[in-house]
$ cat final_1.csv   # CSV, C-alpha atoms
chain,number,residue,atom,x,y,z
K,15,MET,CA,83.2,116.6,150.7
K,16,THR,CA,83.0,114.8,154.0
K,17,THR,CA,84.1,111.2,154.4
K,18,GLU,CA,80.5,110.1,155.0
K,19,ALA,CA,79.3,112.0,151.8
K,20,GLY,CA,82.2,110.5,149.8
K,21,ASP,CA,81.3,107.0,151.0
K,22,ARG,CA,77.6,107.5,150.1
K,23,ARG,CA,78.6,108.8,146.6
K,24,GLN,CA,80.9,105.8,146.0
K,25,ALA,CA,78.2,103.3,147.2
K,26,VAL,CA,75.8,104.9,144.7
K,27,ARG,CA,78.4,104.7,141.9
K,28,ASP,CA,79.3,101.1,142.7
K,29,HIS,CA,75.6,100.0,142.8
K,30,TYR,CA,74.7,101.5,139.5
K,31,ALA,CA,77.9,100.2,137.8
K,32,THR,CA,76.7,96.7,138.9
K,33,THR,CA,73.2,97.5,137.6
K,34,ALA,CA,74.6,98.5,134.2
K,35,ARG,CA,76.7,95.3,134.0
K,36,GLN,CA,73.7,93.2,134.9
K,37,ALA,CA,71.5,94.8,132.3
K,38,THR,CA,74.2,94.3,129.6
K,39,GLU,CA,74.2,90.6,130.5
K,40,GLY,CA,70.4,90.4,130.3
K,41,GLN,CA,69.7,90.6,134.0
K,42,GLY,CA,67.1,93.0,135.4
K,43,THR,CA,67.1,95.0,138.5
K,44,THR,CA,64.5,94.4,141.2
K,45,CYS,CA,63.9,98.1,141.9
K,46,CYS,CA,65.8,101.2,142.9
K,47,GLY,CA,69.0,100.1,144.7
K,48,GLY,CA,67.6,96.6,144.9
K,49,ASP,CA,65.7,97.8,148.0
K,50,CYS,CA,61.9,97.8,147.6
K,51,GLY,CA,61.0,98.8,151.1
K,52,GLY,CA,59.1,95.6,151.5
K,53,LEU,CA,56.8,96.5,148.6
K,54,ASP,CA,56.2,95.0,145.2
K,55,ALA,CA,59.0,95.8,142.8
K,56,GLU,CA,56.5,97.5,140.5
K,57,VAL,CA,56.8,100.7,142.6
K,58,PHE,CA,60.1,101.1,140.8
K,59,GLY,CA,61.3,100.4,137.3
K,60,PRO,CA,59.9,99.9,133.8
K,61,ALA,CA,56.4,98.9,134.9
K,62,LEU,CA,55.8,102.6,135.5
K,63,TYR,CA,55.9,103.3,131.8
K,64,ALA,CA,53.1,102.7,129.4
K,65,THR,CA,53.1,99.4,127.5
K,66,GLY,CA,53.3,101.2,124.2
K,67,GLU,CA,56.4,103.0,125.4
K,68,ARG,CA,58.1,99.9,126.7
K,69,ASP,CA,57.5,98.1,123.4
K,70,THR,CA,59.7,100.7,121.6
K,71,LEU,CA,62.7,100.5,123.9
K,72,PRO,CA,65.7,98.1,123.9
K,73,ASP,CA,65.6,95.3,126.4
K,74,ALA,CA,68.8,96.5,128.1
K,75,ALA,CA,67.3,100.0,128.6
K,76,LEU,CA,64.3,98.4,130.4
K,77,LEU,CA,66.5,96.1,132.4
K,78,ALA,CA,68.6,99.0,133.7
K,79,SER,CA,65.5,101.1,134.6
K,80,ALA,CA,65.1,101.6,138.3
K,81,GLY,CA,63.2,104.9,138.4
K,82,CYS,CA,60.1,105.7,140.5
K,83,GLY,CA,58.0,107.3,137.8
K,84,ASN,CA,57.9,108.6,134.2
K,85,PRO,CA,59.0,112.2,134.0
K,86,THR,CA,58.7,112.3,130.3
K,87,ALA,CA,54.9,111.8,130.6
K,88,VAL,CA,54.6,115.3,132.3
K,89,ALA,CA,57.5,117.2,130.8
K,90,ASP,CA,55.5,118.6,127.8
K,91,LEU,CA,58.4,118.2,125.4
K,92,ARG,CA,58.0,119.5,121.9
K,93,PRO,CA,60.0,119.3,118.6
K,94,GLY,CA,62.9,121.6,118.5
K,95,GLN,CA,63.5,121.8,122.3
K,96,ASP,CA,66.6,120.8,124.2
K,97,VAL,CA,66.1,118.5,127.2
K,98,LEU,CA,68.5,117.3,129.9
K,99,ASP,CA,68.1,114.2,132.0
K,100,LEU,CA,70.0,114.3,135.3
K,101,GLY,CA,71.3,110.9,136.2
K,102,SER,CA,70.4,109.4,132.9
K,103,GLY,CA,71.3,105.8,133.7
K,104,GLY,CA,70.7,103.3,130.9
K,105,GLY,CA,69.1,106.0,128.8
K,106,ILE,CA,65.4,105.2,128.9
K,107,ASP,CA,64.2,108.7,129.5
K,108,VAL,CA,66.8,110.2,127.1
K,109,ILE,CA,65.5,107.9,124.3
K,110,LEU,CA,61.9,108.8,125.0
K,111,SER,CA,62.7,112.5,125.2
K,112,ALA,CA,64.8,112.4,122.0
K,113,ARG,CA,61.8,111.2,120.0
K,114,ARG,CA,59.6,113.9,121.4
K,115,VAL,CA,62.0,116.8,120.6
K,116,PHE,CA,62.8,115.5,117.1
K,117,PRO,CA,63.2,117.2,114.7
K,118,GLY,CA,65.5,120.1,115.8
K,119,GLY,CA,65.9,119.3,119.4
K,120,THR,CA,68.5,117.3,121.4
K,121,ALA,CA,68.2,115.1,124.4
K,122,HIS,CA,71.2,115.2,126.8
K,123,GLY,CA,72.0,112.8,129.6
K,124,VAL,CA,74.4,113.3,132.4
K,125,ASP,CA,75.7,110.4,134.5
K,126,MET,CA,78.7,109.8,136.7
K,127,THR,CA,79.0,106.1,136.1
K,128,GLY,CA,81.0,105.1,133.1
K,129,GLU,CA,79.3,101.7,132.8
K,130,MET,CA,75.9,103.4,132.6
K,131,LEU,CA,77.1,105.8,130.0
K,132,ALA,CA,78.4,103.0,127.8
K,133,LEU,CA,75.1,101.1,128.2
K,134,ALA,CA,73.0,104.3,127.4
K,135,ARG,CA,75.0,105.0,124.2
K,136,ALA,CA,74.5,101.4,123.1
K,137,ASN,CA,70.8,101.6,123.9
K,138,ALA,CA,70.3,104.9,122.0
K,139,ALA,CA,72.0,103.3,119.0
K,140,ASP,CA,69.8,100.2,119.2
K,141,ALA,CA,66.7,102.5,119.5
K,142,GLY,CA,67.7,104.3,116.3
K,143,VAL,CA,67.8,107.8,117.9
K,144,GLU,CA,70.6,110.1,116.9
K,145,ASN,CA,69.7,113.4,118.5
K,146,VAL,CA,71.2,112.4,121.8
K,147,GLN,CA,74.3,113.4,123.7
K,148,PHE,CA,75.6,111.7,126.8
K,149,HIS,CA,78.0,113.5,129.1
K,150,GLU,CA,80.1,112.1,132.0
K,151,GLY,CA,79.7,114.2,135.0
K,152,SER,CA,77.8,114.8,138.2
K,153,ILE,CA,74.4,116.2,138.6
K,154,GLU,CA,75.9,118.6,141.2
K,155,ALA,CA,78.2,120.1,138.5
K,156,VAL,CA,76.5,119.6,135.1
K,157,PRO,CA,78.9,119.9,132.2
K,158,LEU,CA,76.6,122.1,130.1
K,159,PRO,CA,76.5,125.9,129.5
K,160,ASP,CA,74.3,128.4,131.3
K,161,SER,CA,70.8,128.8,129.8
K,162,SER,CA,71.2,126.1,127.2
K,163,ILE,CA,68.3,123.8,128.0
K,164,ASP,CA,64.5,124.1,127.7
K,165,ALA,CA,63.5,121.3,130.0
K,166,VAL,CA,65.3,119.4,132.8
K,167,ILE,CA,64.0,116.0,133.8
K,168,SER,CA,65.2,113.3,136.3
K,169,ASN,CA,63.9,110.0,137.5
K,170,CYS,CA,64.6,109.1,141.2
K,171,VAL,CA,68.1,110.5,141.4
K,172,VAL,CA,67.8,113.7,143.5
K,173,ASN,CA,67.5,111.4,146.6
K,174,LEU,CA,70.8,109.8,145.7
K,175,SER,CA,72.7,113.1,145.7
K,176,VAL,CA,74.9,114.1,148.7
K,177,ASP,CA,74.4,117.8,147.8
K,178,LYS,CA,70.8,118.4,146.8
K,179,ARG,CA,71.1,122.2,146.9
K,180,ALA,CA,73.8,122.0,144.2
K,181,VAL,CA,71.5,119.8,142.1
K,182,PHE,CA,68.7,122.4,142.3
K,183,ALA,CA,71.1,125.2,141.6
K,184,GLU,CA,72.6,123.4,138.5
K,185,ALA,CA,69.1,122.6,137.1
K,186,PHE,CA,68.2,126.3,137.4
K,187,ARG,CA,71.5,127.4,135.9
K,188,VAL,CA,71.3,125.3,132.7
K,189,LEU,CA,67.6,126.2,132.1
K,190,ARG,CA,66.7,129.0,129.8
K,191,PRO,CA,64.4,131.6,131.3
K,192,GLY,CA,60.9,130.2,131.2
K,193,GLY,CA,62.4,126.6,131.1
K,194,ARG,CA,60.7,123.8,133.0
K,195,LEU,CA,61.7,121.2,135.5
K,196,SER,CA,59.9,117.8,135.7
K,197,MET,CA,61.1,115.1,138.1
K,198,ALA,CA,60.0,111.9,139.5
K,199,ASP,CA,61.6,111.3,143.0
K,200,VAL,CA,61.0,109.8,146.4
K,201,VAL,CA,59.8,112.1,149.1
K,202,ALA,CA,59.1,111.6,152.8
K,203,ASP,CA,56.2,112.8,154.9
K,204,ASP,CA,57.2,116.0,156.7
K,205,GLY,CA,57.0,114.3,160.1
K,206,LEU,CA,59.6,111.7,159.2
K,207,ASP,CA,63.1,112.7,160.3
K,208,ALA,CA,66.4,111.6,158.7
K,209,ALA,CA,66.8,108.7,161.2
K,210,ALA,CA,63.4,107.4,160.5
K,211,ARG,CA,64.0,107.5,156.7
K,212,ALA,CA,67.2,105.6,157.1
K,213,GLN,CA,65.3,102.9,159.0
K,214,ARG,CA,63.1,102.4,156.0
K,215,GLY,CA,65.9,101.8,153.4
K,216,SER,CA,69.4,102.5,152.3
K,217,TRP,CA,70.8,105.6,150.6
K,218,GLU,CA,71.5,103.8,147.4
K,219,GLY,CA,68.1,102.2,147.7
K,220,CYS,CA,66.5,105.7,147.1
K,221,ILE,CA,65.1,105.9,150.6
K,222,ALA,CA,67.5,107.2,153.3
K,223,GLY,CA,68.6,110.2,151.2
K,224,ALA,CA,65.1,111.3,150.3
K,225,LEU,CA,64.0,114.8,151.1
K,226,SER,CA,60.6,115.5,152.8
K,227,VAL,CA,57.9,117.2,150.8
K,228,SER,CA,58.6,120.6,152.5
K,229,GLU,CA,62.4,120.2,152.1
K,230,PHE,CA,62.1,119.5,148.4
K,231,ARG,CA,59.8,122.5,147.9
K,232,ALA,CA,62.0,124.8,149.9
K,233,GLY,CA,65.1,123.6,148.0
K,234,LEU,CA,63.6,124.4,144.6
K,235,ARG,CA,62.4,127.8,145.8
K,236,ASP,CA,65.7,128.7,147.3
K,237,ALA,CA,67.4,127.9,144.0
K,238,GLY,CA,65.1,130.4,142.3
K,239,PHE,CA,62.3,128.2,140.9
K,240,GLY,CA,58.7,129.2,140.9
K,241,ASP,CA,55.4,127.4,140.3
K,242,VAL,CA,56.6,124.5,142.4
K,243,GLU,CA,54.1,121.6,142.4
K,244,ILE,CA,54.6,118.2,144.2
K,245,ALA,CA,52.1,115.5,143.6
K,246,LEU,CA,52.4,112.2,145.4
K,247,THR,CA,51.8,109.2,143.1
K,248,HIS,CA,52.3,105.9,145.0
K,249,LYS,CA,53.8,104.6,148.3
K,250,VAL,CA,57.3,103.2,148.3
K,251,ALA,CA,57.7,102.7,152.0
K,252,ASP,CA,55.9,103.6,155.2
K,253,GLY,CA,55.6,107.3,155.2
K,254,MET,CA,57.5,107.7,151.9
K,255,HIS,CA,56.1,108.2,148.4
K,256,SER,CA,57.0,108.5,144.8
K,257,ALA,CA,56.1,112.0,143.6
K,258,ILE,CA,56.0,114.0,140.4
K,259,VAL,CA,57.7,117.4,141.0
K,260,ARG,CA,57.3,120.3,138.6
K,261,ALA,CA,58.7,123.8,138.7
K,262,ALA,CA,59.8,126.6,136.3
K,263,ARG,CA,62.6,129.1,135.9
K,264,PRO,CA,60.9,132.5,135.8
K,265,SER,CA,60.9,134.1,132.3
K,266,ALA,CA,63.3,137.0,131.8
K,267,CYS,CA,61.7,140.3,132.7
K,268,CYS,CA,61.4,143.4,130.6
$ encode --input "final_1.csv" --output "structure tokens"
Amino acid sequence: MTTEAGDRRQAVRDHYATTARQATEGQGTTCCGGDCGGLDAEVFGPALYATGERDTLPDAALLASAGCGNPTAVADLRPGQDVLDLGSGGGIDVILSARRVFPGGTAHGVDMTGEMLALARANAADAGVENVQFHEGSIEAVPLPDSSIDAVISNCVVNLSVDKRAVFAEAFRVLRPGGRLSMADVVADDGLDAAARAQRGSWEGCIAGALSVSEFRAGLRDAGFGDVEIALTHKVADGMHSAIVRAARPSACC
């Protein structure tokens, strides 16, 4: 890893450790990375979940939420399935997923920040869900076996990674044949280069590290995914949008 990549990774880790401590103390985040791109904070965070869902979640899970969408709303989770949340943060999407795959299924979360993992475990206990497992690790090297997961979700974390090809490869690896990927993430218009993205927000603010729509689609296809769909949902900065991304690992042949 280059020095620049290492610095970015550390900045992300430090920011979300602070977010976890603030949520534990009853303080909310403003939005992803504390950087709203000049827009209202409701483009990020718990406001993107339905009121009925928010009412069933611990306050600390909502306070730690800084995502740009609700991937559980489009993941088509069913009882008995195993789901993985990449960059699980305070556990909001793991808790919601665990309820949908119960009974018989397990919701896994992977996060590199110890403070977030501690918060997520406490939130899951407060929410009364037991079919959850949280793992310390990176989304570029997921600590789960090959072909062990039915659905992979994530909420505004691919843009934070310094090695997005590895993230896509790992998502493909852990999925069972026929498994599905459902992500909410920030994407840039294809005409916006890396320098222009950096002008609109920081890396830890979910802006500078965002892929363009074409780059995101190509990255998933290069990893082996098919049926790639990218649907823009709302603006987060000039020329940048939250998007719902869906794809599938092809079923085993013959």
$ closest_atom_pairs --input "final_1.csv" --of "stretch 176-203 of chain K" --to "stretch 210-222 of chain K" --cutoff "9 Å" --atoms "all atoms listed in the file" --output "Markdown table"
| residue | atom | partner | partner_atom | distance |
| --- | --- | --- | --- | --- |
| K:Asp199 | CA | K:Cys220 | CA | 8.5 |
| K:Val200 | CA | K:Cys220 | CA | 6.9 |
| K:Val201 | CA | K:Ile221 | CA | 8.3 |
| K:Ala202 | CA | K:Arg211 | CA | 7.5 |
$ residues_around --input "final_1.csv" --residues "K:Val108" --least-positions-apart "5" --cutoff "8 Å" --atoms "all atoms listed in the file" --output "short mmCIF file (atom, residue, chain, number, x, y, z; two decimals) with C-alpha atoms, in the frame of the given file"
data_model
loop_
_atom_site.label_atom_id
_atom_site.label_comp_id
_atom_site.auth_asym_id
_atom_site.auth_seq_id
_atom_site.Cartn_x
_atom_site.Cartn_y
_atom_site.Cartn_z
CA LEU K 98 68.50 117.30 129.90
CA ASP K 99 68.10 114.20 132.00
CA SER K 102 70.40 109.40 132.90
CA ALA K 121 68.20 115.10 124.40
CA HIS K 122 71.20 115.20 126.80
CA GLY K 123 72.00 112.80 129.60
CA VAL K 146 71.20 112.40 121.80
#
$ closest_residue --input "final_1.csv" --among "K:Val166, K:Ala136, K:Ala251, K:Val26" --to "K:Ala89" --atoms "all atoms listed in the file"
K:Val166
$ closest_residue --input "final_1.csv" --among "K:Ala87, K:Ala19, K:Ala134, K:Leu234" --to "K:Leu71" --atoms "all atoms listed in the file"
K:Ala134
$ closest_atom_pairs --input "final_1.csv" --of "stretch 128-234 of chain K" --to "stretch 259-265 of chain K" --cutoff "9 Å" --atoms "all atoms listed in the file" --output "JSON lines"
{"residue": "K:Phe186", "atom": "CA", "partner": "K:Arg263", "partner_atom": "CA", "distance": 6.4}
{"residue": "K:Leu189", "atom": "CA", "partner": "K:Arg263", "partner_atom": "CA", "distance": 6.9}
{"residue": "K:Arg190", "atom": "CA", "partner": "K:Arg263", "partner_atom": "CA", "distance": 7.4}
{"residue": "K:Pro191", "atom": "CA", "partner": "K:Ser265", "partner_atom": "CA", "distance": 4.4}
{"residue": "K:Gly192", "atom": "CA", "partner": "K:Ser265", "partner_atom": "CA", "distance": 4.1}
{"residue": "K:Gly193", "atom": "CA", "partner": "K:Arg263", "partner_atom": "CA", "distance": 5.4}
{"residue": "K:Arg194", "atom": "CA", "partner": "K:Ala262", "partner_atom": "CA", "distance": 4.4}
{"residue": "K:Leu195", "atom": "CA", "partner": "K:Ala261", "partner_atom": "CA", "distance": 5.1}
{"residue": "K:Ser196", "atom": "CA", "partner": "K:Arg260", "partner_atom": "CA", "distance": 4.6}
{"residue": "K:Met197", "atom": "CA", "partner": "K:Val259", "partner_atom": "CA", "distance": 5.0}
{"residue": "K:Ala198", "atom": "CA", "partner": "K:Val259", "partner_atom": "CA", "distance": 6.1}
{"residue": "K:Asp199", "atom": "CA", "partner": "K:Val259", "partner_atom": "CA", "distance": 7.5}
{"residue": "K:Phe230", "atom": "CA", "partner": "K:Val259", "partner_atom": "CA", "distance": 8.9}
{"residue": "K:Arg231", "atom": "CA", "partner": "K:Val259", "partner_atom": "CA", "distance": 8.8}
{"residue": "K:Leu234", "atom": "CA", "partner": "K:Ala261", "partner_atom": "CA", "distance": 7.7}
$ residues_around --input "final_1.csv" --residues "K:Thr17" --least-positions-apart "6" --cutoff "12 Å" --atoms "all atoms listed in the file" --output "list in words"
Arg23, Gln24 and Val176 of chain K
$ residues_around --input "final_1.csv" --residues "K:Ala64" --least-positions-apart "4" --cutoff "10 Å" --atoms "all atoms listed in the file" --output "VMD selection string"
chain K and resid 60 68 to 69 84 87
$ write_last_selection --input "final_1.csv" --atoms "C-alpha atoms" --output "short mmCIF file (atom, residue, chain, number, x, y, z; two decimals), keeping the file's coordinate frame"
data_model
loop_
_atom_site.label_atom_id
_atom_site.label_comp_id
_atom_site.auth_asym_id
_atom_site.auth_seq_id
_atom_site.Cartn_x
_atom_site.Cartn_y
_atom_site.Cartn_z
CA PRO K 60 59.90 99.90 133.80
CA ARG K 68 58.10 99.90 126.70
CA ASP K 69 57.50 98.10 123.40
CA ASN K 84 57.90 108.60 134.20
CA ALA K 87 54.90 111.80 130.60
#
$ closest_residue --input "final_1.csv" --among "K:Asp125, K:Asp203, K:Glu18, K:Asp177" --to "K:Val250" --atoms "all atoms listed in the file"
K:Asp203
$ residues_around --input "final_1.csv" --residues "K:Ala237" --least-positions-apart "4" --cutoff "8 Å" --atoms "all atoms listed in the file" --output "list of chain:residue names"
K:Arg179, K:Phe182, K:Ala183, K:Phe186, K:Gly233
